file input-v3.pdb (PDB, C-alpha atoms, pLDDT in the B column)
MODEL        1
ATOM      1  CA  MET W 216     -46.667 135.195 -13.517  1.00 42.00           C
ATOM      2  CA  PHE W 217     -42.854 135.541 -13.380  1.00 44.00           C
ATOM      3  CA  SER W 218     -41.211 136.611 -10.183  1.00 48.00           C
ATOM      4  CA  SER W 219     -38.560 139.282 -10.070  1.00 51.00           C
ATOM      5  CA  LYS W 220     -35.853 136.682  -9.450  1.00 53.00           C
ATOM      6  CA  ASN W 221     -36.879 134.693 -12.540  1.00 53.00           C
ATOM      7  CA  ASN W 222     -36.935 137.874 -14.593  1.00 62.00           C
ATOM      8  CA  SER W 223     -33.350 138.683 -13.576  1.00 65.00           C
ATOM      9  CA  VAL W 224     -32.253 135.153 -14.507  1.00 69.00           C
ATOM     10  CA  TYR W 225     -33.758 135.657 -17.958  1.00 70.00           C
ATOM     11  CA  LYS W 226     -32.021 139.027 -18.297  1.00 69.00           C
ATOM     12  CA  TYR W 227     -28.651 137.498 -17.369  1.00 69.00           C
ATOM     13  CA  PHE W 228     -29.267 134.698 -19.857  1.00 75.00           C
ATOM     14  CA  TYR W 229     -30.225 137.265 -22.487  1.00 73.00           C
ATOM     15  CA  ILE W 230     -27.046 139.265 -21.829  1.00 74.00           C
ATOM     16  CA  ALA W 231     -24.902 136.120 -22.100  1.00 76.00           C
ATOM     17  CA  CYS W 232     -26.561 135.029 -25.348  1.00 78.00           C
ATOM     18  CA  LEU W 233     -26.311 138.507 -26.833  1.00 81.00           C
ATOM     19  CA  PHE W 234     -22.604 138.676 -26.041  1.00 80.00           C
ATOM     20  CA  LEU W 235     -22.048 135.207 -27.495  1.00 83.00           C
ATOM     21  CA  LEU W 236     -23.723 136.404 -30.671  1.00 83.00           C
ATOM     22  CA  LEU W 237     -21.574 139.551 -30.675  1.00 82.00           C
ATOM     23  CA  ILE W 238     -18.465 137.394 -30.269  1.00 81.00           C
ATOM     24  CA  ILE W 239     -19.342 134.710 -32.808  1.00 81.00           C
ATOM     25  CA  LEU W 240     -20.716 136.932 -35.580  1.00 80.00           C
ATOM     26  CA  PRO W 241     -17.391 138.618 -36.514  1.00 75.00           C
ATOM     27  CA  LEU W 242     -15.568 135.290 -36.292  1.00 72.00           C
ATOM     28  CA  ILE W 243     -18.051 133.630 -38.653  1.00 75.00           C
ATOM     29  CA  PHE W 244     -17.849 136.441 -41.172  1.00 70.00           C
ATOM     30  CA  SER W 245     -14.072 136.734 -41.047  1.00 66.00           C
ATOM     31  CA  ASN W 246     -13.552 132.982 -41.418  1.00 60.00           C
ATOM     32  CA  ASN W 247     -16.230 132.168 -44.003  1.00 57.00           C
ATOM     33  CA  PHE W 248     -16.357 135.285 -46.126  1.00 56.00           C
ATOM     34  CA  ASN W 249     -13.554 137.365 -47.504  1.00 53.00           C
ATOM     35  CA  PHE W 250     -14.509 140.517 -45.628  1.00 50.00           C
ATOM     36  CA  ASN W 251     -11.446 142.417 -46.677  1.00 49.00           C
ATOM     37  CA  SER W 252     -11.411 145.632 -48.628  1.00 48.00           C
ATOM     38  CA  GLY W 253      -8.267 145.006 -50.606  1.00 49.00           C
ATOM     39  CA  SER W 254      -5.711 144.403 -47.891  1.00 55.00           C
ATOM     40  CA  PHE W 255      -7.776 146.142 -45.189  1.00 57.00           C
ATOM     41  CA  TYR W 256      -9.918 144.222 -42.723  1.00 69.00           C
ATOM     42  CA  VAL W 257     -13.104 146.196 -42.136  1.00 74.00           C
ATOM     43  CA  PHE W 258     -15.570 144.000 -40.223  1.00 80.00           C
ATOM     44  CA  PRO W 259     -16.377 145.540 -36.816  1.00 84.00           C
ATOM     45  CA  ASN W 260     -15.758 143.921 -33.453  1.00 85.00           C
ATOM     46  CA  PHE W 261     -19.241 143.916 -31.923  1.00 87.00           C
ATOM     47  CA  ALA W 262     -18.027 142.542 -28.586  1.00 87.00           C
ATOM     48  CA  LEU W 263     -15.966 145.691 -28.039  1.00 89.00           C
ATOM     49  CA  ALA W 264     -19.029 147.842 -28.639  1.00 88.00           C
ATOM     50  CA  GLY W 265     -20.882 145.718 -26.077  1.00 87.00           C
ATOM     51  CA  LEU W 266     -17.980 146.124 -23.670  1.00 88.00           C
ATOM     52  CA  VAL W 267     -18.222 149.896 -23.981  1.00 89.00           C
ATOM     53  CA  PHE W 268     -21.959 149.661 -23.274  1.00 85.00           C
ATOM     54  CA  ILE W 269     -21.575 147.616 -20.089  1.00 84.00           C
ATOM     55  CA  SER W 270     -18.759 149.878 -18.887  1.00 84.00           C
ATOM     56  CA  ALA W 271     -21.244 152.729 -18.823  1.00 81.00           C
ATOM     57  CA  TYR W 272     -23.535 150.837 -16.435  1.00 77.00           C
ATOM     58  CA  LEU W 273     -21.509 148.390 -14.346  1.00 77.00           C
ATOM     59  CA  ASP W 274     -19.188 149.133 -11.488  1.00 76.00           C
ATOM     60  CA  VAL W 275     -15.487 148.538 -11.861  1.00 78.00           C
ATOM     61  CA  TYR W 276     -15.180 145.114 -10.174  1.00 81.00           C
ATOM     62  CA  SER W 277     -18.110 143.314 -11.730  1.00 78.00           C
ATOM     63  CA  GLY W 278     -17.280 144.921 -15.062  1.00 80.00           C
ATOM     64  CA  TRP W 279     -13.684 143.688 -14.963  1.00 85.00           C
ATOM     65  CA  ILE W 280     -14.867 140.178 -14.224  1.00 86.00           C
ATOM     66  CA  ALA W 281     -17.478 140.332 -16.992  1.00 84.00           C
ATOM     67  CA  ALA W 282     -14.927 141.775 -19.452  1.00 87.00           C
ATOM     68  CA  TYR W 283     -12.404 139.065 -18.630  1.00 89.00           C
ATOM     69  CA  ILE W 284     -14.985 136.301 -19.063  1.00 88.00           C
ATOM     70  CA  ILE W 285     -16.325 137.765 -22.316  1.00 86.00           C
ATOM     71  CA  PHE W 286     -12.914 138.215 -23.885  1.00 87.00           C
ATOM     72  CA  TYR W 287     -11.582 134.922 -22.529  1.00 90.00           C
ATOM     73  CA  ILE W 288     -14.429 133.214 -24.382  1.00 87.00           C
ATOM     74  CA  TYR W 289     -13.663 135.386 -27.411  1.00 85.00           C
ATOM     75  CA  GLY W 290      -9.980 134.453 -27.224  1.00 85.00           C
ATOM     76  CA  SER W 291     -10.767 130.758 -26.889  1.00 86.00           C
ATOM     77  CA  MET W 292     -12.256 130.922 -30.386  1.00 81.00           C
ATOM     78  CA  THR W 293      -9.022 132.293 -31.864  1.00 79.00           C
ATOM     79  CA  PRO W 294      -5.583 130.701 -32.299  1.00 79.00           C
ATOM     80  CA  LEU W 295      -4.025 132.891 -29.588  1.00 77.00           C
ATOM     81  CA  ASN W 296      -4.024 132.296 -25.856  1.00 83.00           C
ATOM     82  CA  PRO W 297      -7.442 133.237 -24.410  1.00 87.00           C
ATOM     83  CA  ALA W 298      -5.794 134.906 -21.413  1.00 88.00           C
ATOM     84  CA  VAL W 299      -4.196 137.441 -23.776  1.00 87.00           C
ATOM     85  CA  PHE W 300      -7.642 138.456 -24.992  1.00 88.00           C
ATOM     86  CA  GLY W 301      -8.949 138.492 -21.423  1.00 90.00           C
ATOM     87  CA  PHE W 302      -6.082 140.765 -20.384  1.00 91.00           C
ATOM     88  CA  SER W 303      -6.699 143.115 -23.319  1.00 91.00           C
ATOM     89  CA  GLY W 304     -10.436 143.118 -22.593  1.00 90.00           C
ATOM     90  CA  THR W 305     -10.000 144.029 -18.942  1.00 92.00           C
ATOM     91  CA  LEU W 306      -7.611 146.878 -19.708  1.00 92.00           C
ATOM     92  CA  SER W 307      -9.987 148.127 -22.404  1.00 92.00           C
ATOM     93  CA  TYR W 308     -12.845 147.938 -19.915  1.00 92.00           C
ATOM     94  CA  ALA W 309     -10.818 149.996 -17.444  1.00 92.00           C
ATOM     95  CA  ALA W 310     -10.145 152.647 -20.088  1.00 92.00           C
ATOM     96  CA  SER W 311     -13.803 152.720 -21.107  1.00 92.00           C
ATOM     97  CA  TYR W 312     -14.929 152.894 -17.487  1.00 91.00           C
ATOM     98  CA  VAL W 313     -12.671 155.880 -16.795  1.00 91.00           C
ATOM     99  CA  ILE W 314     -13.767 157.673 -19.959  1.00 91.00           C
ATOM    100  CA  TRP W 315     -17.478 157.136 -19.210  1.00 88.00           C
ATOM    101  CA  ARG W 316     -17.063 158.508 -15.691  1.00 86.00           C
ATOM    102  CA  ARG W 317     -15.466 161.692 -17.038  1.00 88.00           C
ATOM    103  CA  ILE W 318     -18.209 162.390 -19.603  1.00 85.00           C
ATOM    104  CA  PRO W 319     -21.491 163.549 -18.024  1.00 76.00           C
ATOM    105  CA  PHE W 320     -23.745 162.908 -21.035  1.00 76.00           C
ATOM    106  CA  GLU W 321     -24.520 160.065 -23.398  1.00 78.00           C
ATOM    107  CA  ASN W 322     -25.329 160.419 -27.083  1.00 85.00           C
ATOM    108  CA  ALA W 323     -24.351 158.743 -30.357  1.00 87.00           C
ATOM    109  CA  ILE W 324     -21.277 160.926 -30.878  1.00 91.00           C
ATOM    110  CA  THR W 325     -19.819 160.101 -27.461  1.00 90.00           C
ATOM    111  CA  GLU W 326     -20.611 156.413 -28.013  1.00 89.00           C
ATOM    112  CA  ILE W 327     -18.714 156.509 -31.307  1.00 93.00           C
ATOM    113  CA  LEU W 328     -15.722 158.388 -29.892  1.00 93.00           C
ATOM    114  CA  ILE W 329     -15.417 156.235 -26.787  1.00 93.00           C
ATOM    115  CA  THR W 330     -15.800 153.029 -28.794  1.00 93.00           C
ATOM    116  CA  PHE W 331     -13.116 154.145 -31.244  1.00 95.00           C
ATOM    117  CA  ALA W 332     -10.694 154.949 -28.423  1.00 94.00           C
ATOM    118  CA  VAL W 333     -11.392 151.689 -26.580  1.00 94.00           C
ATOM    119  CA  SER W 334     -11.129 149.628 -29.767  1.00 93.00           C
ATOM    120  CA  TYR W 335      -7.804 151.213 -30.610  1.00 92.00           C
ATOM    121  CA  ILE W 336      -6.572 150.608 -27.052  1.00 93.00           C
ATOM    122  CA  PHE W 337      -7.743 146.961 -27.192  1.00 92.00           C
ATOM    123  CA  TYR W 338      -5.903 146.217 -30.418  1.00 89.00           C
ATOM    124  CA  LEU W 339      -2.838 148.155 -29.336  1.00 89.00           C
ATOM    125  CA  ILE W 340      -2.604 146.112 -26.126  1.00 90.00           C
ATOM    126  CA  LEU W 341      -3.217 142.929 -28.094  1.00 86.00           C
ATOM    127  CA  PHE W 342      -0.528 143.937 -30.602  1.00 84.00           C
ATOM    128  CA  LEU W 343       2.018 144.786 -27.908  1.00 83.00           C
ATOM    129  CA  THR W 344       1.323 141.542 -26.066  1.00 82.00           C
ATOM    130  CA  VAL W 345       1.677 139.421 -29.185  1.00 77.00           C
ATOM    131  CA  PHE W 346       4.592 141.319 -30.711  1.00 75.00           C
ATOM    132  CA  TYR W 347       6.710 141.821 -27.588  1.00 76.00           C
ATOM    133  CA  GLY W 348       5.393 139.251 -25.125  1.00 71.00           C
ATOM    134  CA  LEU W 349       5.004 136.257 -27.423  1.00 68.00           C
ATOM    135  CA  LYS W 350       7.723 137.408 -29.847  1.00 69.00           C
ATOM    136  CA  ILE W 351       5.610 136.822 -32.948  1.00 69.00           C
ATOM    137  CA  ASP W 352       7.181 138.917 -35.667  1.00 68.00           C
ATOM    138  CA  PHE W 353       5.101 140.785 -38.245  1.00 67.00           C
ATOM    139  CA  ILE W 354       5.042 144.200 -39.847  1.00 72.00           C
ATOM    140  CA  TYR W 355       3.562 146.439 -37.171  1.00 73.00           C
ATOM    141  CA  TRP W 356       2.773 149.430 -39.401  1.00 79.00           C
ATOM    142  CA  ASN W 357       0.832 147.149 -41.699  1.00 78.00           C
ATOM    143  CA  PHE W 358      -1.095 145.737 -38.732  1.00 78.00           C
ATOM    144  CA  LEU W 359      -1.861 149.168 -37.257  1.00 81.00           C
ATOM    145  CA  PHE W 360      -2.985 150.809 -40.487  1.00 83.00           C
ATOM    146  CA  SER W 361      -4.581 147.906 -42.368  1.00 81.00           C
ATOM    147  CA  TYR W 362      -6.273 146.178 -39.439  1.00 82.00           C
ATOM    148  CA  VAL W 363      -6.491 148.227 -36.236  1.00 86.00           C
ATOM    149  CA  LEU W 364      -7.534 151.542 -37.740  1.00 90.00           C
ATOM    150  CA  PRO W 365     -10.260 150.181 -40.112  1.00 89.00           C
ATOM    151  CA  VAL W 366     -11.670 147.816 -37.479  1.00 88.00           C
ATOM    152  CA  SER W 367     -11.698 150.584 -34.865  1.00 91.00           C
ATOM    153  CA  ILE W 368     -13.494 152.937 -37.250  1.00 92.00           C
ATOM    154  CA  THR W 369     -16.139 150.399 -38.274  1.00 91.00           C
ATOM    155  CA  THR W 370     -16.606 149.241 -34.677  1.00 91.00           C
ATOM    156  CA  ALA W 371     -17.116 152.838 -33.604  1.00 93.00           C
ATOM    157  CA  LEU W 372     -19.589 153.498 -36.416  1.00 94.00           C
ATOM    158  CA  VAL W 373     -21.770 150.477 -35.556  1.00 92.00           C
ATOM    159  CA  SER W 374     -21.600 151.052 -31.799  1.00 91.00           C
ATOM    160  CA  PRO W 375     -24.785 153.182 -31.695  1.00 91.00           C
ATOM    161  CA  ALA W 376     -26.665 150.228 -33.207  1.00 90.00           C
ATOM    162  CA  VAL W 377     -25.264 147.864 -30.565  1.00 88.00           C
ATOM    163  CA  PHE W 378     -26.129 150.391 -27.846  1.00 86.00           C
ATOM    164  CA  TYR W 379     -29.643 150.663 -29.273  1.00 87.00           C
ATOM    165  CA  VAL W 380     -30.150 146.889 -29.144  1.00 83.00           C
ATOM    166  CA  PHE W 381     -28.978 146.757 -25.529  1.00 80.00           C
ATOM    167  CA  LYS W 382     -31.117 149.735 -24.550  1.00 79.00           C
ATOM    168  CA  LYS W 383     -34.170 148.407 -26.395  1.00 78.00           C
ATOM    169  CA  ALA W 384     -33.877 145.199 -24.401  1.00 71.00           C
ATOM    170  CA  GLY W 385     -33.838 147.277 -21.201  1.00 69.00           C
ATOM    171  CA  LEU W 386     -30.383 146.088 -20.214  1.00 66.00           C
ATOM    172  CA  GLY W 387     -29.051 149.544 -19.341  1.00 61.00           C
ATOM    173  CA  ASN W 388     -31.565 150.030 -16.549  1.00 59.00           C
ATOM    174  CA  PHE W 389     -31.185 146.403 -15.483  1.00 52.00           C
ATOM    175  CA  LEU W 390     -27.393 146.566 -15.216  1.00 55.00           C
ATOM    176  CA  ASN W 391     -27.536 149.915 -13.506  1.00 55.00           C
ATOM    177  CA  LYS W 392     -29.815 148.577 -10.739  1.00 46.00           C
ATOM    178  CA  ARG W 393     -28.132 145.231 -10.190  1.00 41.00           C
ATOM    179  CA  LYS W 394     -24.601 143.945  -9.935  1.00 41.00           C
ATOM    180  CA  LEU W 395     -23.619 141.364 -12.520  1.00 39.00           C
ATOM    181  CA  ILE W 396     -21.851 139.242  -9.931  1.00 40.00           C
ATOM    182  CA  GLN W 397     -23.117 139.418  -6.392  1.00 39.00           C
ATOM    183  CA  ILE W 398     -20.836 138.284  -3.605  1.00 35.00           C
TER     184      ILE W 398
ENDMDL
END
call {"tool": "encode", "arguments": {"input": "input-v3.pdb", "output": "structure tokens"}}
result
Amino acid sequence: MFSSKNNSVYKYFYIACLFLLLIILPLIFSNNFNFNSGSFYVFPNFALAGLVFISAYLDVYSGWIAAYIIFYIYGSMTPLNPAVFGFSGTLSYAASYVIWRRIPFENAITEILITFAVSYIFYLILFLTVFYGLKIDFIYWNFLFSYVLPVSITTALVSPAVFYVFKKAGLGNFLNKRKLIQI
């Protein structure tokens, strides 16, 4: 009934909608609910977990483009410049891509460890860009220990669930066989 080309269009649409949900969900919760544990922000960044998933299956060029687009959209929903988020997302994708290529197996523990490392790298790059590049002054130890560390831990702990949703939808095999952007 559906041709292979139509099926791939639906898969791309499904990937885009899933990433939009992963981007919007933390923003909705952080803006509408007080999701702080005292002075610590603990809600995970689902888009980073999705980024780690696609880095395991995409090649470097299409993954960089996808990471930039995803995090540019993510950044456009925040008060900062979207290009800053796109830059941080692409460097995080590169780190995740390199880590995935060095590890020959995939299980929940490696997903958690890689997601933690990539999340910490993402927020560190974002912090350095904002603090040094844009010269916005704030207490960096407070930011690193009350925001970056808790968010990286919770993002890493929920990453197996995000991976499971992507795998259940068959996106791992789909992304592995096709290129996200064909030239």
call {"tool": "resolve_selection", "arguments": {"input": "input-v3.pdb", "expression": "the PyMOL selection byres ((chain W and resi 360) around 12)", "output": "list in words"}}
result
Ser254, Phe255, Tyr256, Val257, Tyr335, Tyr338, Leu339, Ile354, Tyr355, Trp356, Asn357, Phe358, Leu359, Ser361, Tyr362, Val363, Leu364, Pro365, Val366, Ser367 and Ile368 of chain W
call {"tool": "closest_residue", "arguments": {"input": "input-v3.pdb", "among": "W:Tyr312, W:Tyr379, W:Phe300, W:Phe261", "to": "Pro241 (chain W)", "atoms": "only C-alpha atoms"}}
result
W:Phe261
call {"tool": "residues_near_point", "arguments": {"input": "input-v3.pdb", "point": "(-26.4, 155.8, -30.7)", "cutoff": "7 Å", "atoms": "all atoms listed in the file", "output": "VMD selection string"}}
result
chain W and resid 322 to 323 326 374 to 376 378 to 379
call {"tool": "atom_distance", "arguments": {"input": "input-v3.pdb", "atom1": "CA of Trp279 (chain W)", "atom2": "CA of Phe302 (chain W)"}}
result
9.8 Å
call {"tool": "atom_distance", "arguments": {"input": "input-v3.pdb", "atom1": "CA of Thr325 (chain W)", "atom2": "CA of Val275 (chain W)"}}
result
19.9 Å
call {"tool": "resolve_selection", "arguments": {"input": "input-v3.pdb", "expression": "the PyMOL selection byres ((chain W and resi 263) around 10)", "output": "VMD selection string"}}
result
chain W and resid 234 237 to 238 259 to 262 264 to 269 282 285 to 286 304 307 to 308 330 to 331 333 to 334 337 367 370 to 371 374 377
call {"tool": "closest_residue", "arguments": {"input": "input-v3.pdb", "among": "W:Ile230, W:Ile314, W:Ala384, W:Leu295", "to": "Phe342 (chain W)", "atoms": "only C-alpha atoms"}}
result
W:Leu295
call {"tool": "atom_distance", "arguments": {"input": "input-v3.pdb", "atom1": "CA of Gly301 (chain W)", "atom2": "CA of Ile284 (chain W)"}}
result
6.8 Å
call {"tool": "axis_aligned_box", "arguments": {"input": "input-v3.pdb", "around": "region 355-360 of chain W", "padding_each_side": "4 Å", "output": "JSON"}}
result
{"center_x": 0.3, "center_y": 148.3, "center_z": -39.4, "size_x": 14.5, "size_y": 13.1, "size_z": 12.5}
call {"tool": "closest_residue", "arguments": {"input": "input-v3.pdb", "among": "W:Ala298, W:Cys232, W:Ile329, W:Val373", "to": "Arg316 (chain W)", "atoms": "only C-alpha atoms"}}
result
W:Ile329
call {"tool": "decode", "arguments": {"input": "input-v3.pdb", "residues": "region 348-373 of chain W", "atoms": "N, CA, C and O atoms", "output": "mmCIF file, in the first residue's frame"}}
result
data_model
loop_
_atom_site.group_PDB
_atom_site.id
_atom_site.type_symbol
_atom_site.label_atom_id
_atom_site.label_comp_id
_atom_site.auth_asym_id
_atom_site.auth_seq_id
_atom_site.Cartn_x
_atom_site.Cartn_y
_atom_site.Cartn_z
ATOM 1 N N GLY W 348 32.529 34.547 25.559
ATOM 2 C CA GLY W 348 32.226 35.136 24.259
ATOM 3 C C GLY W 348 31.246 36.282 24.329
ATOM 4 O O GLY W 348 31.440 37.323 23.712
ATOM 5 N N LEU W 349 30.167 36.115 25.085
ATOM 6 C CA LEU W 349 29.150 37.155 25.185
ATOM 7 C C LEU W 349 29.336 38.059 26.394
ATOM 8 O O LEU W 349 28.593 39.001 26.592
ATOM 9 N N LYS W 350 30.302 37.718 27.236
ATOM 10 C CA LYS W 350 30.659 38.493 28.429
ATOM 11 C C LYS W 350 29.468 38.706 29.362
ATOM 12 O O LYS W 350 29.280 39.794 29.897
ATOM 13 N N ILE W 351 28.676 37.653 29.548
ATOM 14 C CA ILE W 351 27.600 37.676 30.527
ATOM 15 C C ILE W 351 28.177 37.133 31.817
ATOM 16 O O ILE W 351 28.651 36.002 31.867
ATOM 17 N N ASP W 352 28.150 37.932 32.853
ATOM 18 C CA ASP W 352 28.810 37.567 34.100
ATOM 19 C C ASP W 352 27.840 36.877 35.052
ATOM 20 O O ASP W 352 26.736 37.350 35.284
ATOM 21 N N PHE W 353 28.238 35.734 35.562
ATOM 22 C CA PHE W 353 27.515 35.012 36.602
ATOM 23 C C PHE W 353 28.499 34.129 37.340
ATOM 24 O O PHE W 353 29.640 33.988 36.937
ATOM 25 N N ILE W 354 28.053 33.552 38.422
ATOM 26 C CA ILE W 354 28.931 32.725 39.248
ATOM 27 C C ILE W 354 29.083 31.357 38.580
ATOM 28 O O ILE W 354 28.139 30.581 38.514
ATOM 29 N N TYR W 355 30.263 31.086 38.063
ATOM 30 C CA TYR W 355 30.455 29.873 37.270
ATOM 31 C C TYR W 355 30.431 28.609 38.105
ATOM 32 O O TYR W 355 29.969 27.575 37.632
ATOM 33 N N TRP W 356 30.915 28.635 39.340
ATOM 34 C CA TRP W 356 30.859 27.419 40.161
ATOM 35 C C TRP W 356 29.415 27.056 40.477
ATOM 36 O O TRP W 356 29.060 25.890 40.505
ATOM 37 N N ASN W 357 28.612 28.068 40.717
ATOM 38 C CA ASN W 357 27.197 27.839 40.972
ATOM 39 C C ASN W 357 26.533 27.213 39.747
ATOM 40 O O ASN W 357 25.753 26.267 39.854
ATOM 41 N N PHE W 358 26.851 27.737 38.570
ATOM 42 C CA PHE W 358 26.277 27.197 37.331
ATOM 43 C C PHE W 358 26.724 25.752 37.106
ATOM 44 O O PHE W 358 25.915 24.895 36.773
ATOM 45 N N LEU W 359 28.002 25.476 37.295
ATOM 46 C CA LEU W 359 28.515 24.125 37.032
ATOM 47 C C LEU W 359 27.960 23.088 38.003
ATOM 48 O O LEU W 359 27.621 21.981 37.600
ATOM 49 N N PHE W 360 27.864 23.458 39.278
ATOM 50 C CA PHE W 360 27.443 22.465 40.269
ATOM 51 C C PHE W 360 25.945 22.444 40.557
ATOM 52 O O PHE W 360 25.420 21.433 41.005
ATOM 53 N N SER W 361 25.238 23.537 40.299
ATOM 54 C CA SER W 361 23.796 23.527 40.565
ATOM 55 C C SER W 361 22.964 23.350 39.308
ATOM 56 O O SER W 361 21.767 23.110 39.396
ATOM 57 N N TYR W 362 23.582 23.470 38.138
ATOM 58 C CA TYR W 362 22.821 23.276 36.902
ATOM 59 C C TYR W 362 23.426 22.178 36.026
ATOM 60 O O TYR W 362 22.755 21.205 35.703
ATOM 61 N N VAL W 363 24.666 22.326 35.641
ATOM 62 C CA VAL W 363 25.284 21.406 34.679
ATOM 63 C C VAL W 363 25.363 19.990 35.226
ATOM 64 O O VAL W 363 24.962 19.037 34.545
ATOM 65 N N LEU W 364 25.873 19.826 36.409
ATOM 66 C CA LEU W 364 26.024 18.482 36.968
ATOM 67 C C LEU W 364 24.682 17.777 37.184
ATOM 68 O O LEU W 364 24.515 16.641 36.724
ATOM 69 N N PRO W 365 23.669 18.407 37.827
ATOM 70 C CA PRO W 365 22.381 17.708 37.986
ATOM 71 C C PRO W 365 21.675 17.415 36.667
ATOM 72 O O PRO W 365 21.112 16.339 36.479
ATOM 73 N N VAL W 366 21.725 18.362 35.728
ATOM 74 C CA VAL W 366 21.074 18.128 34.432
ATOM 75 C C VAL W 366 21.795 17.023 33.671
ATOM 76 O O VAL W 366 21.154 16.173 33.046
ATOM 77 N N SER W 367 23.108 16.994 33.726
ATOM 78 C CA SER W 367 23.865 15.943 33.042
ATOM 79 C C SER W 367 23.572 14.574 33.646
ATOM 80 O O SER W 367 23.429 13.587 32.918
ATOM 81 N N ILE W 368 23.451 14.514 34.954
ATOM 82 C CA ILE W 368 23.140 13.234 35.608
ATOM 83 C C ILE W 368 21.738 12.761 35.243
ATOM 84 O O ILE W 368 21.549 11.603 34.865
ATOM 85 N N THR W 369 20.752 13.648 35.328
ATOM 86 C CA THR W 369 19.382 13.221 35.009
ATOM 87 C C THR W 369 19.223 12.919 33.526
ATOM 88 O O THR W 369 18.497 11.994 33.155
ATOM 89 N N THR W 370 19.898 13.673 32.671
ATOM 90 C CA THR W 370 19.852 13.382 31.235
ATOM 91 C C THR W 370 20.450 12.011 30.956
ATOM 92 O O THR W 370 19.916 11.240 30.165
ATOM 93 N N ALA W 371 21.558 11.717 31.606
ATOM 94 C CA ALA W 371 22.195 10.411 31.418
ATOM 95 C C ALA W 371 21.310 9.281 31.934
ATOM 96 O O ALA W 371 21.221 8.221 31.311
ATOM 97 N N LEU W 372 20.627 9.505 33.041
ATOM 98 C CA LEU W 372 19.792 8.443 33.610
ATOM 99 C C LEU W 372 18.536 8.163 32.787
ATOM 100 O O LEU W 372 18.046 7.040 32.785
ATOM 101 N N VAL W 373 18.015 9.167 32.080
ATOM 102 C CA VAL W 373 16.827 8.931 31.246
ATOM 103 C C VAL W 373 17.187 8.562 29.808
ATOM 104 O O VAL W 373 16.306 8.221 29.025
#
